[in-house]
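Undergrad: Here it is, the structure in full.
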Amino acid sequence: MNKIANKQEICNVLLEASAQDKDIIVLCSDSRGSASLADFAKKRPAQFVEVGIAEQNLVSISAGLASCGKKAFAVSPASFLTTRSMEQAKVDVAYSNTNVSLIGISGGVSYGALGMTHHSANDIAAMASIPNMRVYLPSDHLQTGKLIQALLQDEKPAYVRVGRNAVEPIYDAATISFEMDRAMVVNEGQDVTIIACGEMVKPAKDAAMLLRSKGIMARVLDMYCVKPIDEAAVIKAAKETKAIVTVEEHTIYGGLGSMVSQITAAHYPTKVINMALPDAPVVTGKSQEVFDHYGLNAEGIAKTVMELI
Amino acid sequence: MNLQLKACDIRKDIITLIHRAKTGHIGGDLSVTDILVALYYKHLNVTPENTADPNRDRFILSKGHSVESLYCVLADCGFFPKEDLKTYSAYASKYIGHPNNKINGIEMNTGSLGHGLSVGVGMALAGKMDRLDYRVYAVMGDGEMEEGSVWEAVTAGAHYKLDNLTAFVDRNHLQISGTTENIMMQDKQEERWAAFGWHVISVLGNDIDALDEAITEAKTTKGMPTVIIANTTKGCGVSFMENQAGWHHRVPTDAEYEQAINELNQRRAQYE
């Protein structure tokens with residue numbers, strides 16, 4: 001079982017890269033522990049900035065640093081980072097076009113029973129609605145590492161959401177392929193396509209295995225690049241398979257499902273079912289209990305597919 | 001250079017710009033003019049030629065609605081042709097109603113209040129990290145002090161002892177709906193900033209010599225950031241605009257325009 005949480009992998013990549021690149025700056029809002037960045041703070045004190053519990057300041061300071069040539073990584077719980085600081089993300093990061101990566105940790109319903117204050121079930125909608133802001137939800141720690149390495153190579157704003165706990169890997173370290181802003185085909189199939197992002201890719205992949213045993217061949221796309229979304233992969237799926245099911249740890253409105261539906265409606269109308277969290281405070285429970293409650297698991301996804309085709 | 005004369009000319013440019021385009025925040029433009037003149041013509045080491053120099057000073061107009069004042073100063077300093085301002089607020093122009101960093105000489109986009117000082121904290125931190133001696137200046141309005149995020153930045157500036165950072169509060173006592181005192185209590189600005197650990201200088205903010213001295217004092221203050229509380233007059237320089245909340249963003253009629261220019265010409269003659 002993998003023990004490296006995606007947020008830990010972010011720290012690992014930044015720690016390694018920052019040994020050579022002194023312009024990499026990590027900022028936290030009293031979140032170094034929850035972000036797994038205590039190690040970074042300890043080993044690279046000159047490249048670490050603590051702003052205290054002040055997420056708006058976190059994002060604006062990051063933008064100021066970036067405008068002076070720094071590669072700023074602002075790391076804070078996704079719930080506070082994306083909506084409390086949305087104005088700063090819009091103006092100081094996206095509109096001013098500064099080299100800031102906003103890293104939302106413990107995203108979605110990671111915080112489980114801590115309740116809606118700590119859930120970020122609308123972060124995709126919030127961040128994707130900002131022009132010049134990219135949105136990424138990597139599925140496992142290996143892909144997370146590739147993504148952060150790629151972000152270090154460009155100078156554009158981005159929002160990255162990762163969960164709280166270690167998740168089972170989707171990819172193999174030796175064979176993982178990664179291309180920026182291109183969906184990864186996790187499973188080939190011609191009957192139906194399941195498009196998932198973030199930690200929903202694993203149950204989508206498992207659902208494909210369940211469906212295979214029933215003779216249904218499901219294509220699974222890891223749409224870690226929610227924005228800019230891989231339109232070509234969506235259109236291809238619409239053309240080549242009978243229907244599409246989207247799965248995301250996000251409210252039903254304005255996330256991956258909405259975007260996929262928009263693309264298919266415009267380019268190749270096909271049946272698209274969106275599996276997501278409801279437009280309501282979610283049920284109390286650990287994240288897996290929340291997923292199970294709403295059918296956001298392998299069995300639930302397989303059931304939706306079978307009812308569809 | 002006679003900065004008083006320069007300030008008169010910039011005020012005339014501002015009023016002409018707004019009168020021509022039929023839009024702009026004239027009251028705040030006129031209150032902040034002397035701060036911009038003192039900075040751009042005396043203190044900032046920013047020129048049209050060095051806008052990519054890592055060691056240039058950084059200026060942020062956090063009260064972004066006073067952009068007409070900044071445009072007129074930047075154009076006069078040669079950052080872009082004065083002719084360009086004929087497109088101000090026109091269809092497809094980059095000269096919009098708030099600072100836009102696609103324009104030469106403008107560092108950051110502002111307009112949403114309460115961001116500029118935080119951005120300035122980031123720029124000042126970068127200067128400390130890189131051991132560069134550039135300075136960072138952020139100009140805010142007094143109504144802007146109502147934004148909570150300002151005080152996050154004030155706290156961080158003092159925490160990191162950013163003596164390369166200078167904040168200005170354009171204290172003209174007016175905001176769009178009336179006096180700052182009636183909208184939300186803004187008294188004791190000096191005590192507030194001092195309590196957060198800033199070096200505080202309170203000056204007459206439409207007196208260029210006083211501003212010049214205050215900026216010089218800020219440059220030599222070590223171990224803490226400096227705030228210059230600039231006690232200004234909104235609409236400064238035009239009698240019928242002074243201290244009138246209604247002139248926050250009113251556009252002068254042709255007759256008002258003529259009178260304003262005449263008054264500024266008379267003011268200019270006094271300094272010659």
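In the structure tokens, chains take the letters A, B, ... in the order shown, each chain's residues start at 1, and ligands count up from 1 in the order shown.
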Restrict the calculation to only C-alpha atoms, then for each residue of chain A with any atom at most 6 Å from an atom of chain B give the closest atom pair and their distance in Å to one decimal, rows by chain and rising residue number, as JSON lines.
TA:
```
{"residue": "A:Asn57", "atom": "CA", "partner": "B:Ser118", "partner_atom": "CA", "distance": 5.7}
{"residue": "A:Ser60", "atom": "CA", "partner": "B:Val119", "partner_atom": "CA", "distance": 4.9}
{"residue": "A:Ile61", "atom": "CA", "partner": "B:Gly122", "partner_atom": "CA", "distance": 4.0}
{"residue": "A:Gly64", "atom": "CA", "partner": "B:Gly122", "partner_atom": "CA", "distance": 4.1}
{"residue": "A:Leu65", "atom": "CA", "partner": "B:Gly122", "partner_atom": "CA", "distance": 4.5}
{"residue": "A:Ser96", "atom": "CA", "partner": "B:Asn109", "partner_atom": "CA", "distance": 5.3}
```
Undergrad: Could you write out that same residue set with C-alpha atoms as a CSV table (one decimal), in the first residue's frame?
TA:
```csv
chain,number,residue,atom,x,y,z
A,57,ASN,CA,-2.4,37.8,2.4
A,60,SER,CA,-1.2,38.4,-2.6
A,61,ILE,CA,2.3,38.0,-1.0
A,64,GLY,CA,4.3,40.0,-5.1
A,65,LEU,CA,7.2,37.5,-4.8
A,96,SER,CA,-1.8,40.2,-13.1
```
Undergrad: Please identify the strand (DSSP E) residues within region 62-202 of chain A (assignment by DSSP from backbone atoms) and present them as a PyMOL selection string.
TA: chain A and resi 71-77+100-105+134-136+158-161+184-187+192-196
Undergrad: Those selected residues, please, written with N, CA, C and O atoms and delivered as an mmCIF file, in the first residue's frame.
TA:
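again28.cif was written with the following content:
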```
data_model
loop_
_atom_site.group_PDB
_atom_site.id
_atom_site.type_symbol
_atom_site.label_atom_id
_atom_site.label_comp_id
_atom_site.auth_asym_id
_atom_site.auth_seq_id
_atom_site.Cartn_x
_atom_site.Cartn_y
_atom_site.Cartn_z
ATOM 1 N N LYS A 71 9.363 31.723 -7.951
ATOM 2 C CA LYS A 71 8.367 30.711 -8.307
ATOM 3 C C LYS A 71 7.628 30.378 -7.029
ATOM 4 O O LYS A 71 8.121 29.623 -6.196
ATOM 5 N N ALA A 72 6.479 31.001 -6.858
ATOM 6 C CA ALA A 72 5.784 30.926 -5.575
ATOM 7 C C ALA A 72 4.787 29.768 -5.540
ATOM 8 O O ALA A 72 3.988 29.604 -6.458
ATOM 9 N N PHE A 73 4.860 28.995 -4.470
ATOM 10 C CA PHE A 73 3.893 27.924 -4.219
ATOM 11 C C PHE A 73 3.169 28.255 -2.913
ATOM 12 O O PHE A 73 3.761 28.187 -1.838
ATOM 13 N N ALA A 74 1.911 28.657 -3.044
ATOM 14 C CA ALA A 74 1.100 29.020 -1.877
ATOM 15 C C ALA A 74 0.280 27.796 -1.472
ATOM 16 O O ALA A 74 -0.566 27.329 -2.230
ATOM 17 N N VAL A 75 0.587 27.278 -0.282
ATOM 18 C CA VAL A 75 -0.012 25.999 0.117
ATOM 19 C C VAL A 75 -0.919 26.207 1.329
ATOM 20 O O VAL A 75 -0.482 26.690 2.377
ATOM 21 N N SER A 76 -2.177 25.803 1.186
ATOM 22 C CA SER A 76 -3.151 26.041 2.251
ATOM 23 C C SER A 76 -4.347 25.123 2.008
ATOM 24 O O SER A 76 -4.558 24.683 0.871
ATOM 25 N N PRO A 77 -5.120 24.817 3.035
ATOM 26 C CA PRO A 77 -6.303 23.991 2.794
ATOM 27 C C PRO A 77 -7.161 24.543 1.651
ATOM 28 O O PRO A 77 -7.435 25.748 1.592
ATOM 29 N N VAL A 100 2.445 32.019 -9.903
ATOM 30 C CA VAL A 100 2.036 31.472 -8.607
ATOM 31 C C VAL A 100 1.299 30.160 -8.834
ATOM 32 O O VAL A 100 0.399 30.085 -9.660
ATOM 33 N N SER A 101 1.703 29.135 -8.080
ATOM 34 C CA SER A 101 0.939 27.889 -8.044
ATOM 35 C C SER A 101 0.207 27.850 -6.718
ATOM 36 O O SER A 101 0.831 27.886 -5.655
ATOM 37 N N LEU A 102 -1.095 27.802 -6.795
ATOM 38 C CA LEU A 102 -1.911 27.695 -5.586
ATOM 39 C C LEU A 102 -2.117 26.206 -5.328
ATOM 40 O O LEU A 102 -2.654 25.500 -6.178
ATOM 41 N N ILE A 103 -1.650 25.750 -4.177
ATOM 42 C CA ILE A 103 -1.752 24.318 -3.871
ATOM 43 C C ILE A 103 -2.811 24.121 -2.785
ATOM 44 O O ILE A 103 -2.588 24.471 -1.621
ATOM 45 N N GLY A 104 -3.950 23.592 -3.187
ATOM 46 C CA GLY A 104 -5.030 23.333 -2.234
ATOM 47 C C GLY A 104 -4.885 21.924 -1.673
ATOM 48 O O GLY A 104 -5.008 20.937 -2.393
ATOM 49 N N ILE A 105 -4.601 21.872 -0.384
ATOM 50 C CA ILE A 105 -4.431 20.558 0.249
ATOM 51 C C ILE A 105 -5.724 20.142 0.950
ATOM 52 O O ILE A 105 -6.591 20.970 1.210
ATOM 53 N N ARG A 134 -5.377 27.925 -14.417
ATOM 54 C CA ARG A 134 -5.486 26.501 -14.759
ATOM 55 C C ARG A 134 -5.875 25.709 -13.517
ATOM 56 O O ARG A 134 -5.594 26.142 -12.401
ATOM 57 N N VAL A 135 -6.488 24.560 -13.733
ATOM 58 C CA VAL A 135 -6.977 23.762 -12.609
ATOM 59 C C VAL A 135 -6.564 22.301 -12.799
ATOM 60 O O VAL A 135 -6.902 21.684 -13.812
ATOM 61 N N TYR A 136 -5.835 21.782 -11.821
ATOM 62 C CA TYR A 136 -5.345 20.400 -11.912
ATOM 63 C C TYR A 136 -5.725 19.593 -10.672
ATOM 64 O O TYR A 136 -5.557 20.058 -9.547
ATOM 65 N N ALA A 158 -1.568 28.623 -11.714
ATOM 66 C CA ALA A 158 -2.249 27.320 -11.681
ATOM 67 C C ALA A 158 -2.807 27.071 -10.286
ATOM 68 O O ALA A 158 -2.278 27.565 -9.294
ATOM 69 N N TYR A 159 -3.878 26.300 -10.254
ATOM 70 C CA TYR A 159 -4.411 25.798 -8.988
ATOM 71 C C TYR A 159 -4.322 24.274 -9.041
ATOM 72 O O TYR A 159 -4.720 23.655 -10.021
ATOM 73 N N VAL A 160 -3.775 23.691 -7.975
ATOM 74 C CA VAL A 160 -3.657 22.236 -7.881
ATOM 75 C C VAL A 160 -4.384 21.783 -6.627
ATOM 76 O O VAL A 160 -4.131 22.304 -5.535
ATOM 77 N N ARG A 161 -5.288 20.820 -6.785
ATOM 78 C CA ARG A 161 -5.972 20.283 -5.591
ATOM 79 C C ARG A 161 -5.538 18.837 -5.341
ATOM 80 O O ARG A 161 -5.555 18.009 -6.244
ATOM 81 N N MET A 184 -4.977 11.191 -19.419
ATOM 82 C CA MET A 184 -4.274 9.912 -19.472
ATOM 83 C C MET A 184 -5.316 8.802 -19.618
ATOM 84 O O MET A 184 -6.315 8.784 -18.885
ATOM 85 N N VAL A 185 -5.076 7.905 -20.564
ATOM 86 C CA VAL A 185 -5.984 6.768 -20.725
ATOM 87 C C VAL A 185 -5.552 5.696 -19.727
ATOM 88 O O VAL A 185 -4.497 5.087 -19.872
ATOM 89 N N VAL A 186 -6.365 5.500 -18.717
ATOM 90 C CA VAL A 186 -6.031 4.547 -17.655
ATOM 91 C C VAL A 186 -6.481 3.142 -18.035
ATOM 92 O O VAL A 186 -5.892 2.139 -17.643
ATOM 93 N N ASN A 187 -7.557 3.089 -18.813
ATOM 94 C CA ASN A 187 -8.076 1.799 -19.263
ATOM 95 C C ASN A 187 -8.684 1.985 -20.649
ATOM 96 O O ASN A 187 -9.386 2.965 -20.888
ATOM 97 N N VAL A 192 -18.149 2.302 -23.269
ATOM 98 C CA VAL A 192 -18.524 3.482 -22.501
ATOM 99 C C VAL A 192 -17.239 4.150 -22.030
ATOM 100 O O VAL A 192 -16.184 3.494 -21.969
ATOM 101 N N THR A 193 -17.322 5.451 -21.717
ATOM 102 C CA THR A 193 -16.133 6.132 -21.191
ATOM 103 C C THR A 193 -16.443 6.692 -19.805
ATOM 104 O O THR A 193 -17.482 7.324 -19.606
ATOM 105 N N ILE A 194 -15.562 6.426 -18.891
ATOM 106 C CA ILE A 194 -15.654 7.032 -17.562
ATOM 107 C C ILE A 194 -14.549 8.078 -17.488
ATOM 108 O O ILE A 194 -13.367 7.764 -17.671
ATOM 109 N N ILE A 195 -14.948 9.336 -17.252
ATOM 110 C CA ILE A 195 -13.954 10.414 -17.137
ATOM 111 C C ILE A 195 -13.938 10.854 -15.675
ATOM 112 O O ILE A 195 -14.964 11.272 -15.135
ATOM 113 N N ALA A 196 -12.784 10.744 -15.047
ATOM 114 C CA ALA A 196 -12.683 11.091 -13.627
ATOM 115 C C ALA A 196 -11.477 11.989 -13.404
ATOM 116 O O ALA A 196 -10.593 12.107 -14.261
#
```
Undergrad: Near region 224-231 of chain B, within 10 Å and counting only C-alpha atoms, which residues show up once chain neighbours fewer than 2 positions away are dropped, as an MDAnalysis selection string?
TA: chainID B and resid 31:32 34:35 121 124 137:142 154 157:173 189:190 193:194 197:207 210:211 214:215 217:222 233:234
Undergrad: Any idea what's packed within 12 Å of Ala38 (chain A), counting only C-alpha atoms, ignoring anything in its chain fewer than 3 positions away? Could you give it as a VMD selection string?
TA: chain A and resid 7 to 8 11 to 12 15 26 to 28 30 to 35 41 to 45 48 to 50 75
Undergrad: Those residues you just picked out, can you put them in a file as a compact mmCIF listing (two decimals), in the first residue's frame with N, CA, C and O atoms?
TA:
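Just written: part_0.txt:
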```txt
# COMPACT_ATOMS: atom_id res chain seq x y z
N LYS A 7 0.17 15.34 -1.24
CA LYS A 7 0.76 16.57 -0.72
C LYS A 7 2.20 16.33 -0.27
O LYS A 7 3.04 17.22 -0.37
N GLN A 8 2.49 15.12 0.22
CA GLN A 8 3.86 14.78 0.61
C GLN A 8 4.75 14.75 -0.62
O GLN A 8 5.91 15.20 -0.58
N CYS A 11 5.81 18.17 -1.55
CA CYS A 11 6.94 18.60 -0.72
C CYS A 11 8.24 17.97 -1.20
O CYS A 11 9.26 18.65 -1.32
N ASN A 12 8.18 16.68 -1.53
CA ASN A 12 9.40 15.98 -1.98
C ASN A 12 9.97 16.62 -3.25
O ASN A 12 11.18 16.86 -3.34
N LEU A 15 11.28 20.14 -2.49
CA LEU A 15 12.50 20.06 -1.68
C LEU A 15 13.71 19.75 -2.56
O LEU A 15 14.76 20.39 -2.44
N VAL A 26 8.17 28.56 -1.01
CA VAL A 26 6.94 27.94 -0.52
C VAL A 26 6.36 28.83 0.58
O VAL A 26 7.08 29.27 1.48
N LEU A 27 5.07 29.09 0.47
CA LEU A 27 4.38 29.90 1.48
C LEU A 27 3.25 29.09 2.13
O LEU A 27 2.56 28.34 1.44
N CYS A 28 3.09 29.24 3.42
CA CYS A 28 2.02 28.55 4.13
C CYS A 28 1.26 29.54 5.01
O CYS A 28 1.79 30.57 5.40
N ASP A 30 -0.01 29.04 8.34
CA ASP A 30 -0.07 28.20 9.53
C ASP A 30 -0.48 26.78 9.15
O ASP A 30 -1.20 26.12 9.89
N SER A 31 -0.02 26.34 7.98
CA SER A 31 -0.48 25.05 7.45
C SER A 31 0.68 24.14 7.08
O SER A 31 0.50 23.18 6.33
N ARG A 32 1.88 24.44 7.60
CA ARG A 32 3.03 23.65 7.18
C ARG A 32 2.89 22.19 7.61
O ARG A 32 3.32 21.27 6.91
N GLY A 33 2.28 21.97 8.76
CA GLY A 33 2.10 20.59 9.24
C GLY A 33 1.08 19.85 8.41
O GLY A 33 1.36 18.77 7.87
N SER A 34 -0.09 20.45 8.26
CA SER A 34 -1.14 19.77 7.50
C SER A 34 -0.77 19.64 6.03
O SER A 34 -1.27 18.79 5.32
N ALA A 35 0.12 20.50 5.57
CA ALA A 35 0.53 20.44 4.16
C ALA A 35 1.73 19.52 3.94
O ALA A 35 2.22 19.40 2.82
N ALA A 41 10.15 23.54 5.48
CA ALA A 41 10.39 24.73 6.32
C ALA A 41 11.69 24.57 7.10
O ALA A 41 12.44 25.52 7.30
N LYS A 42 11.94 23.36 7.53
CA LYS A 42 13.14 23.09 8.33
C LYS A 42 14.42 23.09 7.48
O LYS A 42 15.44 23.66 7.87
N LYS A 43 14.32 22.48 6.31
CA LYS A 43 15.53 22.34 5.47
C LYS A 43 15.80 23.54 4.58
O LYS A 43 16.92 23.75 4.12
N ARG A 44 14.76 24.31 4.26
CA ARG A 44 14.95 25.47 3.37
C ARG A 44 14.34 26.73 4.01
O ARG A 44 13.46 27.35 3.45
N PRO A 45 14.79 27.08 5.19
CA PRO A 45 14.17 28.23 5.88
C PRO A 45 14.22 29.52 5.06
O PRO A 45 13.31 30.35 5.17
N PHE A 48 11.23 29.61 2.60
CA PHE A 48 9.92 29.32 3.17
C PHE A 48 9.38 30.58 3.84
O PHE A 48 10.09 31.26 4.58
N VAL A 49 8.12 30.91 3.54
CA VAL A 49 7.51 32.11 4.13
C VAL A 49 6.22 31.71 4.85
O VAL A 49 5.32 31.14 4.25
N GLU A 50 6.19 32.01 6.12
CA GLU A 50 4.98 31.78 6.92
C GLU A 50 4.20 33.08 6.97
O GLU A 50 4.76 34.12 7.32
N VAL A 75 0.59 27.28 -0.28
CA VAL A 75 -0.01 26.00 0.12
C VAL A 75 -0.92 26.21 1.33
O VAL A 75 -0.48 26.69 2.38
```
Undergrad: Can you pull out every residue from region 58-280 of chain A that DSSP, working from the backbone, puts in helix (DSSP H, G or I), and format the result as a ChimeraX atom specification?
TA: /A:58-67,78-84,86-95,112-114,116-118,123-128,141-151,198-212,231-240,256-267
Undergrad: Residues within 8 Å of region 72-76 of chain B, please, as a short mmCIF file (atom, residue, chain, number, x, y, z; two decimals) with N, CA, C and O atoms, in the first residue's frame. Count only C-alpha atoms; anything in the same chain fewer than 3 positions from it doesn't count.
TA:
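Output file around-v1.cif follows:
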```cif
data_model
loop_
_atom_site.label_atom_id
_atom_site.label_comp_id
_atom_site.auth_asym_id
_atom_site.auth_seq_id
_atom_site.Cartn_x
_atom_site.Cartn_y
_atom_site.Cartn_z
N ILE B 10 0.36 68.18 -14.04
CA ILE B 10 -0.23 66.84 -13.99
C ILE B 10 -1.73 66.95 -13.68
O ILE B 10 -2.56 66.26 -14.28
N ASP B 13 -3.50 67.84 -16.76
CA ASP B 13 -3.57 66.66 -17.64
C ASP B 13 -4.69 65.72 -17.19
O ASP B 13 -5.42 65.16 -18.02
N ILE B 14 -4.79 65.51 -15.87
CA ILE B 14 -5.81 64.60 -15.33
C ILE B 14 -7.21 65.09 -15.69
O ILE B 14 -8.06 64.34 -16.18
N LEU B 36 2.40 61.09 -6.02
CA LEU B 36 2.98 60.50 -7.24
C LEU B 36 4.10 61.37 -7.80
O LEU B 36 5.14 60.87 -8.25
N VAL B 37 3.90 62.67 -7.75
CA VAL B 37 4.94 63.59 -8.28
C VAL B 37 6.20 63.48 -7.43
O VAL B 37 7.31 63.38 -7.96
N TYR B 40 7.76 59.88 -8.35
CA TYR B 40 8.26 59.65 -9.71
C TYR B 40 9.32 60.65 -10.16
O TYR B 40 10.19 60.32 -10.96
N GLU B 68 -5.97 57.56 -13.37
CA GLU B 68 -5.76 58.68 -14.32
C GLU B 68 -4.54 59.50 -13.89
O GLU B 68 -3.77 59.97 -14.73
N SER B 69 -4.39 59.65 -12.57
CA SER B 69 -3.24 60.39 -12.06
C SER B 69 -1.94 59.66 -12.42
O SER B 69 -0.97 60.26 -12.87
N PHE B 79 7.00 56.79 -20.18
CA PHE B 79 6.80 55.34 -20.19
C PHE B 79 5.98 54.89 -21.40
O PHE B 79 6.06 53.75 -21.83
N PHE B 80 5.17 55.80 -21.90
CA PHE B 80 4.42 55.56 -23.14
C PHE B 80 4.07 56.94 -23.70
O PHE B 80 4.10 57.94 -22.96
N PRO B 81 3.75 57.01 -24.99
CA PRO B 81 3.44 58.32 -25.58
C PRO B 81 2.17 58.92 -24.97
O PRO B 81 1.20 58.20 -24.75
N LYS B 82 2.20 60.23 -24.73
CA LYS B 82 1.00 60.90 -24.21
C LYS B 82 -0.18 60.69 -25.15
O LYS B 82 -1.33 60.60 -24.71
N GLY B 105 5.51 50.27 -17.28
CA GLY B 105 5.64 51.06 -16.05
C GLY B 105 4.67 50.64 -14.96
O GLY B 105 4.82 51.08 -13.82
#
```
Undergrad: Residues near Pro269 (chain A), anyone? I mean within 12 Å using only C-alpha atoms, not counting same-chain ones fewer than 2 positions away, as a count of residues only.
TA: 20
Undergrad: Determine, counting only C-alpha atoms, which protein, DNA and RNA residues have an atom within 9 Å of an atom of Gly107 (chain A); residues of the same chain fewer than 4 positions away are not included. Present the result as a VMD selection string.
TA: chain A and resid 77 to 79 111 118 to 121 123 161 to 164 249
